[in-house]
file run_11.cif (mmCIF, C-alpha atoms and all ligand atoms)
data_run
loop_
_atom_site.label_atom_id
_atom_site.label_comp_id
_atom_site.auth_asym_id
_atom_site.auth_seq_id
_atom_site.Cartn_x
_atom_site.Cartn_y
_atom_site.Cartn_z
CA MET A 18 -71.20 46.30 38.06
CA PRO A 19 -67.95 48.33 38.23
CA ILE A 20 -65.67 45.34 37.92
CA THR A 21 -63.62 43.97 35.10
CA VAL A 22 -64.63 40.55 33.90
CA PRO A 23 -61.52 38.52 33.04
CA GLY A 24 -61.03 38.53 29.28
CA GLU A 25 -63.64 41.26 28.81
CA ARG A 26 -63.41 45.03 28.72
CA SER A 27 -64.05 47.00 31.88
CA LEU A 28 -67.69 47.38 32.82
CA ALA A 29 -67.10 50.77 34.46
CA GLY A 30 -67.93 54.17 32.94
CA ALA A 31 -70.82 55.85 31.14
CA GLU A 32 -69.91 54.36 27.78
CA ASN A 33 -70.38 50.88 29.31
CA ALA A 34 -73.46 51.64 31.41
CA VAL A 35 -75.81 49.41 29.45
CA PRO A 36 -73.47 46.35 29.36
CA ALA A 37 -72.78 46.79 33.08
CA PHE A 38 -76.50 46.73 33.90
CA MET A 39 -77.14 43.81 31.56
CA PHE A 40 -74.22 41.90 33.07
CA ASP A 41 -75.89 42.17 36.49
CA MET A 42 -79.13 40.92 34.99
CA LEU A 43 -77.25 38.02 33.44
CA SER A 44 -75.64 37.20 36.80
CA ALA A 45 -79.06 37.09 38.49
CA TRP A 46 -80.60 34.94 35.75
CA GLY A 47 -77.52 32.74 35.61
CA PHE A 48 -77.48 32.05 39.35
CA ARG A 49 -81.17 31.15 39.25
CA ALA A 50 -80.57 28.71 36.37
CA VAL A 51 -77.49 27.17 37.99
CA THR A 52 -79.04 26.59 41.43
CA LEU A 53 -82.11 25.08 39.77
CA ALA A 54 -79.89 22.74 37.75
CA PHE A 55 -78.13 21.58 40.94
CA ARG A 56 -81.36 21.17 42.91
CA THR A 57 -83.33 19.30 40.25
CA GLY A 58 -80.51 16.85 39.54
CA VAL A 59 -79.81 18.11 35.99
CA LEU A 60 -76.09 18.53 36.70
CA ALA A 61 -75.80 15.36 38.80
CA ALA A 62 -77.30 13.37 35.88
CA LEU A 63 -74.39 14.51 33.70
CA ALA A 64 -71.64 13.75 36.22
CA ASP A 65 -70.92 10.23 35.00
CA GLU A 66 -72.28 10.06 31.46
CA GLU A 67 -73.08 12.17 28.43
CA LEU A 68 -76.82 12.45 27.84
CA THR A 69 -79.21 14.10 25.39
CA ALA A 70 -81.54 16.82 26.63
CA GLU A 71 -84.42 14.34 26.52
CA GLN A 72 -82.55 11.84 28.68
CA VAL A 73 -81.64 14.54 31.20
CA ALA A 74 -85.27 15.70 31.29
CA ASP A 75 -86.44 12.13 31.82
CA ARG A 76 -84.06 11.57 34.77
CA ALA A 77 -84.86 14.90 36.41
CA GLY A 78 -88.62 14.70 35.74
CA LEU A 79 -88.63 17.97 33.76
CA ASP A 80 -90.12 19.21 30.49
CA PRO A 81 -87.79 18.11 27.61
CA ARG A 82 -88.03 21.30 25.57
CA GLY A 83 -87.45 23.53 28.59
CA THR A 84 -84.60 21.31 29.71
CA ALA A 85 -82.90 21.76 26.32
CA PHE A 86 -83.07 25.54 26.82
CA LEU A 87 -81.76 25.20 30.37
CA LEU A 88 -78.85 23.06 29.14
CA ASP A 89 -78.02 25.66 26.50
CA CYS A 90 -77.86 28.33 29.25
CA LEU A 91 -75.65 26.04 31.35
CA ASP A 92 -73.39 25.56 28.31
CA CYS A 93 -73.07 29.36 27.97
CA LEU A 94 -72.21 29.62 31.66
CA GLY A 95 -69.60 26.84 31.55
CA TYR A 96 -71.41 24.22 33.66
CA VAL A 97 -71.99 21.75 30.81
CA SER A 98 -70.47 21.29 27.37
CA GLN A 99 -72.33 20.13 24.31
CA VAL A 100 -70.88 17.33 22.20
CA GLY A 101 -73.14 16.70 19.16
CA ASP A 102 -76.63 16.19 20.60
CA ARG A 103 -75.28 15.21 24.01
CA TYR A 104 -74.24 17.16 27.07
CA ALA A 105 -71.50 16.47 29.60
CA ALA A 106 -70.71 18.05 32.96
CA THR A 107 -67.60 20.26 32.76
CA ASP A 108 -64.65 19.95 35.16
CA THR A 109 -66.04 22.94 37.09
CA THR A 110 -69.32 21.10 37.66
CA ASN A 111 -67.63 17.85 38.63
CA GLU A 112 -65.55 19.76 41.18
CA LEU A 113 -68.59 21.58 42.57
CA LEU A 114 -71.08 18.70 42.78
CA PRO A 115 -69.70 16.98 45.91
CA MET A 116 -68.58 20.31 47.38
CA ILE A 117 -71.74 22.45 47.32
CA SER A 118 -74.79 20.35 46.34
CA MET A 119 -76.02 20.03 49.93
CA GLY A 120 -75.84 23.84 50.30
CA ILE A 121 -78.01 24.76 47.29
CA PRO A 122 -81.27 25.22 49.30
CA TYR A 123 -79.34 27.59 51.61
CA PHE A 124 -77.94 29.66 48.72
CA GLU A 125 -81.42 29.87 47.16
CA LYS A 126 -82.86 30.90 50.51
CA ILE A 127 -80.45 33.74 51.19
CA VAL A 128 -80.48 35.09 47.64
CA PHE A 129 -84.12 34.63 46.60
CA THR A 130 -86.43 33.85 49.52
CA ASP A 131 -84.93 36.15 52.15
CA TRP A 132 -84.57 39.11 49.82
CA ALA A 133 -88.25 39.01 48.97
CA ASN A 134 -88.52 41.04 52.23
CA LEU A 135 -85.63 43.39 51.56
CA GLU A 136 -87.64 46.38 50.38
CA SER A 137 -89.95 46.20 53.41
CA ARG A 138 -86.94 45.95 55.72
CA LEU A 139 -85.31 48.98 54.04
CA ARG A 140 -88.54 50.99 54.22
CA GLY A 141 -88.91 50.05 57.89
CA ASP A 142 -92.32 48.46 57.21
CA LEU A 143 -91.10 45.09 58.42
CA THR A 144 -89.34 44.70 61.75
CA LEU A 145 -87.54 41.61 62.94
CA ALA A 146 -89.50 39.11 65.01
CA PHE A 147 -86.70 39.09 67.60
CA GLU A 148 -84.31 41.50 69.30
CA PRO A 149 -81.20 41.95 67.08
CA GLU A 150 -79.02 41.81 70.20
CA GLN A 151 -80.51 38.62 71.55
CA PRO A 152 -77.59 36.45 72.52
CA ARG A 153 -78.61 33.19 70.90
CA THR A 154 -79.75 32.12 67.48
CA PRO A 155 -82.61 34.09 65.96
CA ARG A 156 -85.87 32.24 65.57
CA TRP A 157 -85.77 32.23 61.76
CA LEU A 158 -82.78 29.92 61.92
CA ALA A 159 -84.61 27.39 64.05
CA LYS A 160 -87.26 26.93 61.37
CA GLU A 161 -84.79 26.07 58.65
CA TRP A 162 -82.02 24.83 60.82
CA ARG A 163 -80.93 21.92 58.63
CA VAL A 164 -80.91 24.07 55.46
CA PHE A 165 -78.78 26.65 57.26
CA GLN A 166 -76.24 24.20 58.66
CA ASP A 167 -75.96 22.34 55.32
CA GLY A 168 -75.19 25.73 53.76
CA MET A 169 -72.37 26.12 56.31
CA VAL A 170 -71.01 22.72 55.22
CA ALA A 171 -70.94 23.85 51.57
CA LEU A 172 -69.20 27.10 52.52
CA THR A 173 -66.66 25.19 54.62
CA ASN A 174 -65.95 22.82 51.73
CA MET A 175 -65.14 25.81 49.50
CA ASN A 176 -62.38 27.29 51.62
CA ILE A 177 -61.20 24.56 54.00
CA ASP A 178 -57.88 23.76 52.26
CA GLU A 179 -56.78 27.37 52.08
CA VAL A 180 -57.93 28.09 55.64
CA LEU A 181 -55.99 25.09 56.97
CA GLU A 182 -52.85 26.31 55.18
CA ARG A 183 -53.19 29.69 56.88
CA ILE A 184 -53.53 28.52 60.49
CA PRO A 185 -50.26 28.22 62.42
CA VAL A 186 -51.50 25.94 65.22
CA PRO A 187 -49.58 27.24 68.28
CA ASP A 188 -49.52 23.97 70.22
CA PRO A 189 -50.18 20.88 68.08
CA ALA A 190 -50.74 18.86 71.28
CA GLY A 191 -53.00 21.53 72.77
CA HIS A 192 -56.71 22.31 72.68
CA LEU A 193 -58.95 24.08 70.18
CA LEU A 194 -62.15 25.87 71.23
CA ASP A 195 -64.53 26.29 68.26
CA LEU A 196 -67.02 28.97 69.30
CA GLY A 197 -70.28 28.76 67.35
CA GLY A 198 -68.62 25.85 65.54
CA GLY A 199 -71.78 24.47 63.88
CA TYR A 200 -71.22 20.87 62.79
CA GLY A 201 -67.57 21.29 63.78
CA LEU A 202 -66.19 20.68 60.30
CA TYR A 203 -63.34 23.17 60.67
CA SER A 204 -62.34 21.59 63.98
CA ILE A 205 -62.55 18.11 62.51
CA ALA A 206 -60.29 19.12 59.60
CA ILE A 207 -57.75 20.85 61.87
CA CYS A 208 -57.67 17.88 64.27
CA ARG A 209 -57.19 15.51 61.35
CA ARG A 210 -54.12 17.49 60.34
CA HIS A 211 -52.74 17.62 63.91
CA PRO A 212 -53.19 14.14 65.43
CA GLN A 213 -52.38 15.27 69.01
CA LEU A 214 -54.82 18.19 69.04
CA ARG A 215 -58.14 17.97 70.93
CA ALA A 216 -61.14 20.23 70.34
CA THR A 217 -64.41 21.41 71.85
CA ILE A 218 -67.34 22.57 69.74
CA PHE A 219 -69.08 25.24 71.80
CA GLU A 220 -72.60 25.68 70.44
CA ILE A 221 -76.20 26.23 71.35
CA PRO A 222 -77.96 23.05 72.58
CA GLU A 223 -79.98 22.69 69.33
CA MET A 224 -76.73 21.84 67.53
CA GLN A 225 -75.74 18.95 69.79
CA ARG A 226 -77.31 16.10 67.82
CA LEU A 227 -76.04 17.24 64.40
CA ALA A 228 -72.53 18.06 65.65
CA ASN A 229 -72.22 14.77 67.54
CA ARG A 230 -73.21 12.90 64.41
CA ALA A 231 -70.52 14.69 62.36
CA ILE A 232 -67.96 14.00 65.11
CA VAL A 233 -68.79 10.28 65.18
CA GLU A 234 -68.95 9.96 61.38
CA ASN A 235 -65.47 11.45 61.20
CA ASP A 236 -64.07 9.12 63.88
CA MET A 237 -63.28 12.01 66.19
CA ALA A 238 -65.32 11.05 69.25
CA ASP A 239 -62.17 10.44 71.31
CA ARG A 240 -60.70 13.87 70.49
CA ILE A 241 -63.60 16.29 69.94
CA ASP A 242 -66.37 16.98 72.41
CA PHE A 243 -69.47 19.16 72.29
CA ARG A 244 -70.33 21.77 74.89
CA ALA A 245 -73.81 23.26 74.87
CA GLY A 246 -73.92 26.86 76.03
CA ASP A 247 -74.06 30.55 75.29
CA PHE A 248 -70.68 32.09 74.54
CA PHE A 249 -71.80 35.46 75.92
CA THR A 250 -72.66 34.20 79.37
CA ASP A 251 -71.10 30.78 80.02
CA ASP A 252 -67.57 30.10 81.18
CA LEU A 253 -65.36 29.44 78.13
CA GLY A 254 -62.63 27.60 80.06
CA SER A 255 -59.01 27.73 78.94
CA THR A 256 -57.57 26.84 75.54
CA SER A 257 -54.44 27.18 73.38
CA MET A 258 -56.42 28.20 70.30
CA ALA A 259 -59.91 29.53 69.59
CA LEU A 260 -61.95 29.84 66.39
CA LEU A 261 -64.62 32.47 65.75
CA PHE A 262 -65.77 31.43 62.29
CA ASN A 263 -68.74 33.09 60.60
CA VAL A 264 -70.04 34.38 63.91
CA ILE A 265 -69.40 38.15 64.01
CA HIS A 266 -71.69 39.00 61.06
CA SER A 267 -74.73 37.92 63.10
CA LYS A 268 -73.75 39.94 66.19
CA SER A 269 -73.73 43.68 66.95
CA HIS A 270 -70.67 45.95 67.38
CA ARG A 271 -71.06 45.77 71.15
CA GLN A 272 -71.58 42.01 71.23
CA ASN A 273 -68.54 41.36 69.04
CA ARG A 274 -66.26 43.53 71.15
CA GLU A 275 -67.45 41.59 74.19
CA LEU A 276 -67.17 38.20 72.48
CA VAL A 277 -63.63 38.87 71.27
CA ALA A 278 -62.66 40.00 74.80
CA ARG A 279 -64.20 36.85 76.35
CA THR A 280 -62.43 34.66 73.80
CA ALA A 281 -59.09 36.38 74.39
CA ALA A 282 -59.53 35.88 78.14
CA ALA A 283 -59.98 32.13 77.55
CA LEU A 284 -56.67 31.87 75.66
CA GLN A 285 -53.58 30.61 77.42
CA PRO A 286 -50.40 32.75 77.12
CA GLY A 287 -49.10 32.38 73.55
CA GLY A 288 -52.55 31.18 72.43
CA LEU A 289 -54.04 32.03 69.04
CA LEU A 290 -57.42 33.49 68.08
CA VAL A 291 -58.48 32.82 64.49
CA LEU A 292 -61.46 34.80 63.20
CA LEU A 293 -63.00 34.07 59.81
CA ASP A 294 -65.75 36.12 58.23
CA GLN A 295 -66.79 38.15 55.21
CA PHE A 296 -65.59 41.75 54.96
CA PRO A 297 -66.66 44.67 52.74
CA ALA A 298 -62.97 45.49 52.32
CA PRO A 299 -61.05 46.77 49.26
CA GLU A 300 -58.16 44.53 50.43
CA LEU A 301 -60.24 41.57 49.17
CA GLY A 302 -60.30 42.90 45.59
CA PRO A 303 -63.41 44.15 43.76
CA ILE A 304 -65.26 40.82 43.73
CA GLY A 305 -64.37 39.97 47.34
CA ARG A 306 -65.40 43.43 48.53
CA SER A 307 -68.70 43.10 46.62
CA PHE A 308 -69.40 39.81 48.41
CA GLY A 309 -68.66 41.43 51.77
CA ALA A 310 -70.98 44.34 50.94
CA MET A 311 -73.82 42.05 49.74
CA MET A 312 -73.39 40.01 52.89
CA ALA A 313 -73.78 43.18 55.01
CA LEU A 314 -77.12 43.89 53.33
CA SER A 315 -78.14 40.26 53.70
CA MET A 316 -77.36 40.22 57.43
CA PHE A 317 -79.12 43.57 57.93
CA ASN A 318 -82.15 42.05 56.24
CA SER A 319 -82.27 38.75 58.11
CA VAL A 320 -80.91 39.46 61.60
CA GLY A 321 -80.39 43.24 61.80
CA GLN A 322 -76.58 42.92 61.74
CA GLN A 323 -73.80 43.37 59.16
CA THR A 324 -70.27 42.61 58.00
CA TYR A 325 -67.56 44.74 59.60
CA PRO A 326 -64.69 46.97 58.39
CA LEU A 327 -61.23 45.45 58.94
CA ASP A 328 -60.14 48.34 61.18
CA GLU A 329 -63.02 47.78 63.56
CA VAL A 330 -62.17 44.08 63.92
CA ARG A 331 -58.49 44.97 64.48
CA ASP A 332 -59.64 47.34 67.17
CA TRP A 333 -61.65 44.60 68.99
CA LEU A 334 -58.61 42.31 68.86
CA THR A 335 -56.10 44.82 70.16
CA ALA A 336 -58.53 46.16 72.80
CA ALA A 337 -58.71 42.54 74.04
CA GLY A 338 -54.92 42.60 74.60
CA LEU A 339 -54.04 40.46 71.56
CA VAL A 340 -50.90 41.15 69.53
CA ASP A 341 -49.30 40.21 66.17
CA VAL A 342 -52.61 40.81 64.43
CA GLU A 343 -52.54 39.61 60.81
CA PHE A 344 -55.23 39.64 58.12
CA HIS A 345 -55.26 37.30 55.12
CA ALA A 346 -57.70 37.28 52.22
CA VAL A 347 -59.16 33.84 51.52
CA ARG A 348 -59.14 33.67 47.73
CA SER A 349 -60.97 30.33 47.39
CA ALA A 350 -64.15 31.88 48.80
CA PRO A 351 -64.40 35.51 47.59
CA GLY A 352 -65.33 37.98 50.33
CA ASN A 353 -63.79 35.83 53.06
CA GLY A 354 -60.83 36.82 55.15
CA LEU A 355 -59.00 35.47 58.16
CA PHE A 356 -57.62 37.34 61.19
CA LEU A 357 -54.89 35.77 63.31
CA ALA A 358 -54.09 37.33 66.71
CA ARG A 359 -51.96 36.09 69.57
CA LYS A 360 -52.15 36.40 73.33
CA PRO A 361 -48.74 37.59 74.60
CA ALA A 362 -46.67 34.77 76.10
CA ARG A 363 -46.77 36.50 79.54
C1 LIG B 401 -72.97 31.05 60.76
S1 LIG B 401 -72.86 29.72 61.89
C2 LIG B 401 -71.16 29.29 61.70
C3 LIG B 401 -70.88 27.83 61.95
C4 LIG B 401 -69.41 27.45 61.80
N1 LIG B 401 -68.56 28.21 62.70
C5 LIG B 401 -68.97 27.65 60.37
O1 LIG B 401 -68.22 28.60 60.10
O2 LIG B 401 -69.37 26.87 59.50
C6 LIG B 401 -72.86 30.58 63.47
C7 LIG B 401 -73.05 29.62 64.61
O3 LIG B 401 -72.94 30.35 65.84
C8 LIG B 401 -73.83 29.74 66.78
N2 LIG B 401 -74.14 30.71 67.84
C9 LIG B 401 -74.77 31.89 67.67
N3 LIG B 401 -74.91 32.52 68.86
C10 LIG B 401 -74.34 31.71 69.79
C11 LIG B 401 -74.17 31.82 71.21
N4 LIG B 401 -74.59 32.90 71.87
N5 LIG B 401 -73.51 30.82 71.84
C12 LIG B 401 -73.07 29.72 71.17
N6 LIG B 401 -73.21 29.57 69.82
C13 LIG B 401 -73.84 30.56 69.14
C14 LIG B 401 -75.03 29.37 65.94
O4 LIG B 401 -75.79 28.36 66.55
C15 LIG B 401 -74.43 28.97 64.60
O5 LIG B 401 -74.28 27.57 64.47
#
call {"tool": "encode", "arguments": {"input": "run_11.cif", "output": "structure tokens"}}
result
Amino acid sequence: MPITVPGERSLAGAENAVPAFMFDMLSAWGFRAVTLAFRTGVLAALADEELTAEQVADRAGLDPRGTAFLLDCLDCLGYVSQVGDRYAATDTTNELLPMISMGIPYFEKIVFTDWANLESRLRGDLTLAFEPEQPRTPRWLAKEWRVFQDGMVALTNMNIDEVLERIPVPDPAGHLLDLGGGYGLYSIAICRRHPQLRATIFEIPEMQRLANRAIVENDMADRIDFRAGDFFTDDLGSTSMALLFNVIHSKSHRQNRELVARTAAALQPGGLLVLLDQFPAPELGPIGRSFGAMMALSMFNSVGQQTYPLDEVRDWLTAAGLVDVEFHAVRSAPGNGLFLARKPAR
């Protein structure tokens, strides 16, 4: 991988070809070991107490000898630290456990399960079971809907603080329209920060039950409502601020141009469109760009779509009549970036 690992020499160049390749192999092995340790409860067992490998194996229902090897790998990767014959979760793990545990089945699905088909998709031997330009959610999502949405929660948890810092809410007593808002966690967090703001989660009908539950659990039922619909065909109403978060990578060039135009039309004068996604852009640094590029391949594989160059997104925004277009890298979740664009105040 042509990136420099902090504290290590560069992995670029012929003289480093073998370490570069082996580093990629290590990353693949490491991710497999780490997600397994989250999913089987190995890391959760070490959150509150130091345990021997045997005790960890006993709690997680795993083979003790294999668990000792797994713990040694996790020690190398910085997820646990060994103290005598006991292991403890590191600060990194304690930070991650409440943040991403619910998303582990999603990360395993997109990295391991989905890519089992990648070669067939690239060879053209396997076609999608749906039209890539179909307006609503592809069928594969319906099957593993809960896994998918829990993955979105984990991703939201990773970047929410930084994203909130970046959003200059234009009218704190106004309205927020969260298009394809999922559970509505971004809206809930923004409304919590701005006590006068109201929001609408605009989603497909299948999301209603899960989103309503999140709204109620977060005591937001009096300020956030749910609207079931299709953002390509239904009236989007009028709002002072709109979110398009993690939506464009599952839509085509044509659909995104249209969606951005429809969203801009729903904004009141002076209103703000905030668009969050992954981008294969050098502006995000080598690791961020790599995430954006991997995500393009992943979206090609699963729904026939991609991540988009920054210039193309800028073009959709300006073609929709929006001004003051800004782009910000989101460092807390590599590969993510945020566009802000305003509707002229008449
Ligand atoms: C990747 S999820 C993002 C969820 C949330 N915005 C987030 O960032 O966590 C994309 C969402 O867009 C919704 N969606 C896709 N097509 C839609 C359409 N035509 N109308 C309304 N919602 C749609 C999906 O149901 C899905 O929940």
call {"tool": "residues_near_ligand", "arguments": {"input": "run_11.cif", "ligand": "ligand LIG 401 (chain B)", "cutoff": "8 Å", "atoms": "all atoms listed in the file", "output": "VMD selection string"}}
result
chain A and resid 152 to 154 166 169 to 170 172 to 173 195 to 203 219 to 221 223 to 224 245 to 250 260 to 264 267 to 268 293
call {"tool": "atom_distance", "arguments": {"input": "run_11.cif", "atom1": "CA of Lys126 (chain A)", "atom2": "CA of Ala206 (chain A)"}}
result
27.0 Å
call {"tool": "residues_around", "arguments": {"input": "run_11.cif", "residues": "Arg56 (chain A)", "least_positions_apart": "4", "cutoff": "12 Å", "atoms": "all atoms listed in the file", "output": "list in words"}}
result
Arg49, Ala50, Val51, Thr52, Leu60, Ala61, Ala62, Ala77, Leu114, Ile117, Ser118, Met119, Gly120, Ile121, Pro122, Tyr123, Phe124 and Glu125 of chain A
call {"tool": "atom_distance", "arguments": {"input": "run_11.cif", "atom1": "CA of Trp333 (chain A)", "atom2": "CA of Leu357 (chain A)"}}
result
12.5 Å
call {"tool": "residues_around", "arguments": {"input": "run_11.cif", "residues": "region 98-104 of chain A", "least_positions_apart": "4", "cutoff": "8 Å", "atoms": "all atoms listed in the file", "output": "ChimeraX atom specification"}}
result
/A:63,67-70,88,92
call {"tool": "atom_distance", "arguments": {"input": "run_11.cif", "atom1": "CA of Arg359 (chain A)", "atom2": "CA of Ala278 (chain A)"}}
result
12.5 Å
call {"tool": "residues_near_point", "arguments": {"input": "run_11.cif", "point": "(-80.5, 39.2, 54.8)", "cutoff": "10 Å", "atoms": "all atoms listed in the file", "output": "MDAnalysis selection string"}}
result
chainID A and resid 126:128 130:135 138 311:323
call {"tool": "write_last_selection", "arguments": {"input": "run_11.cif", "atoms": "C-alpha atoms", "output": "short mmCIF file (atom, residue, chain, number, x, y, z; two decimals), in the frame of the given file"}}
result
data_model
loop_
_atom_site.label_atom_id
_atom_site.label_comp_id
_atom_site.auth_asym_id
_atom_site.auth_seq_id
_atom_site.Cartn_x
_atom_site.Cartn_y
_atom_site.Cartn_z
CA LYS A 126 -82.86 30.90 50.51
CA ILE A 127 -80.45 33.74 51.19
CA VAL A 128 -80.48 35.09 47.64
CA THR A 130 -86.43 33.85 49.52
CA ASP A 131 -84.93 36.15 52.15
CA TRP A 132 -84.57 39.11 49.82
CA ALA A 133 -88.25 39.01 48.97
CA ASN A 134 -88.52 41.04 52.23
CA LEU A 135 -85.63 43.39 51.56
CA ARG A 138 -86.94 45.95 55.72
CA MET A 311 -73.82 42.05 49.74
CA MET A 312 -73.39 40.01 52.89
CA ALA A 313 -73.78 43.18 55.01
CA LEU A 314 -77.12 43.89 53.33
CA SER A 315 -78.14 40.26 53.70
CA MET A 316 -77.36 40.22 57.43
CA PHE A 317 -79.12 43.57 57.93
CA ASN A 318 -82.15 42.05 56.24
CA SER A 319 -82.27 38.75 58.11
CA VAL A 320 -80.91 39.46 61.60
CA GLY A 321 -80.39 43.24 61.80
CA GLN A 322 -76.58 42.92 61.74
CA GLN A 323 -73.80 43.37 59.16
#
call {"tool": "residues_around", "arguments": {"input": "run_11.cif", "residues": "Leu289 (chain A)", "least_positions_apart": "3", "cutoff": "7 Å", "atoms": "only C-alpha atoms", "output": "list in words"}}
result
Pro187, Ser257, Met258, Ala259, Leu357, Ala358, Arg359 and Lys360 of chain A
call {"tool": "closest_residue", "arguments": {"input": "run_11.cif", "among": "A:Val233, A:Leu253, A:Asp75, A:Arg183", "to": "Thr217 (chain A)", "atoms": "only C-alpha atoms"}}
result
A:Leu253
call {"tool": "closest_residue", "arguments": {"input": "run_11.cif", "among": "A:His211, A:Gln272, A:Leu339, A:Val59", "to": "Gly83 (chain A)", "atoms": "all atoms listed in the file"}}
result
A:Val59
call {"tool": "closest_residue", "arguments": {"input": "run_11.cif", "among": "A:Ala231, A:Leu276, A:Ala146, A:Val347", "to": "Phe243 (chain A)", "atoms": "all atoms listed in the file"}}
result
A:Ala231
call {"tool": "residues_near_point", "arguments": {"input": "run_11.cif", "point": "(-60.4, 35.4, 55.8)", "cutoff": "8 Å", "atoms": "all atoms listed in the file", "output": "ChimeraX atom specification"}}
result
/A:180,292-295,344-347,352-356
call {"tool": "closest_residue", "arguments": {"input": "run_11.cif", "among": "A:Asp65, A:Thr280, A:Phe40, A:Met116", "to": "Ala171 (chain A)", "atoms": "all atoms listed in the file"}}
result
A:Met116
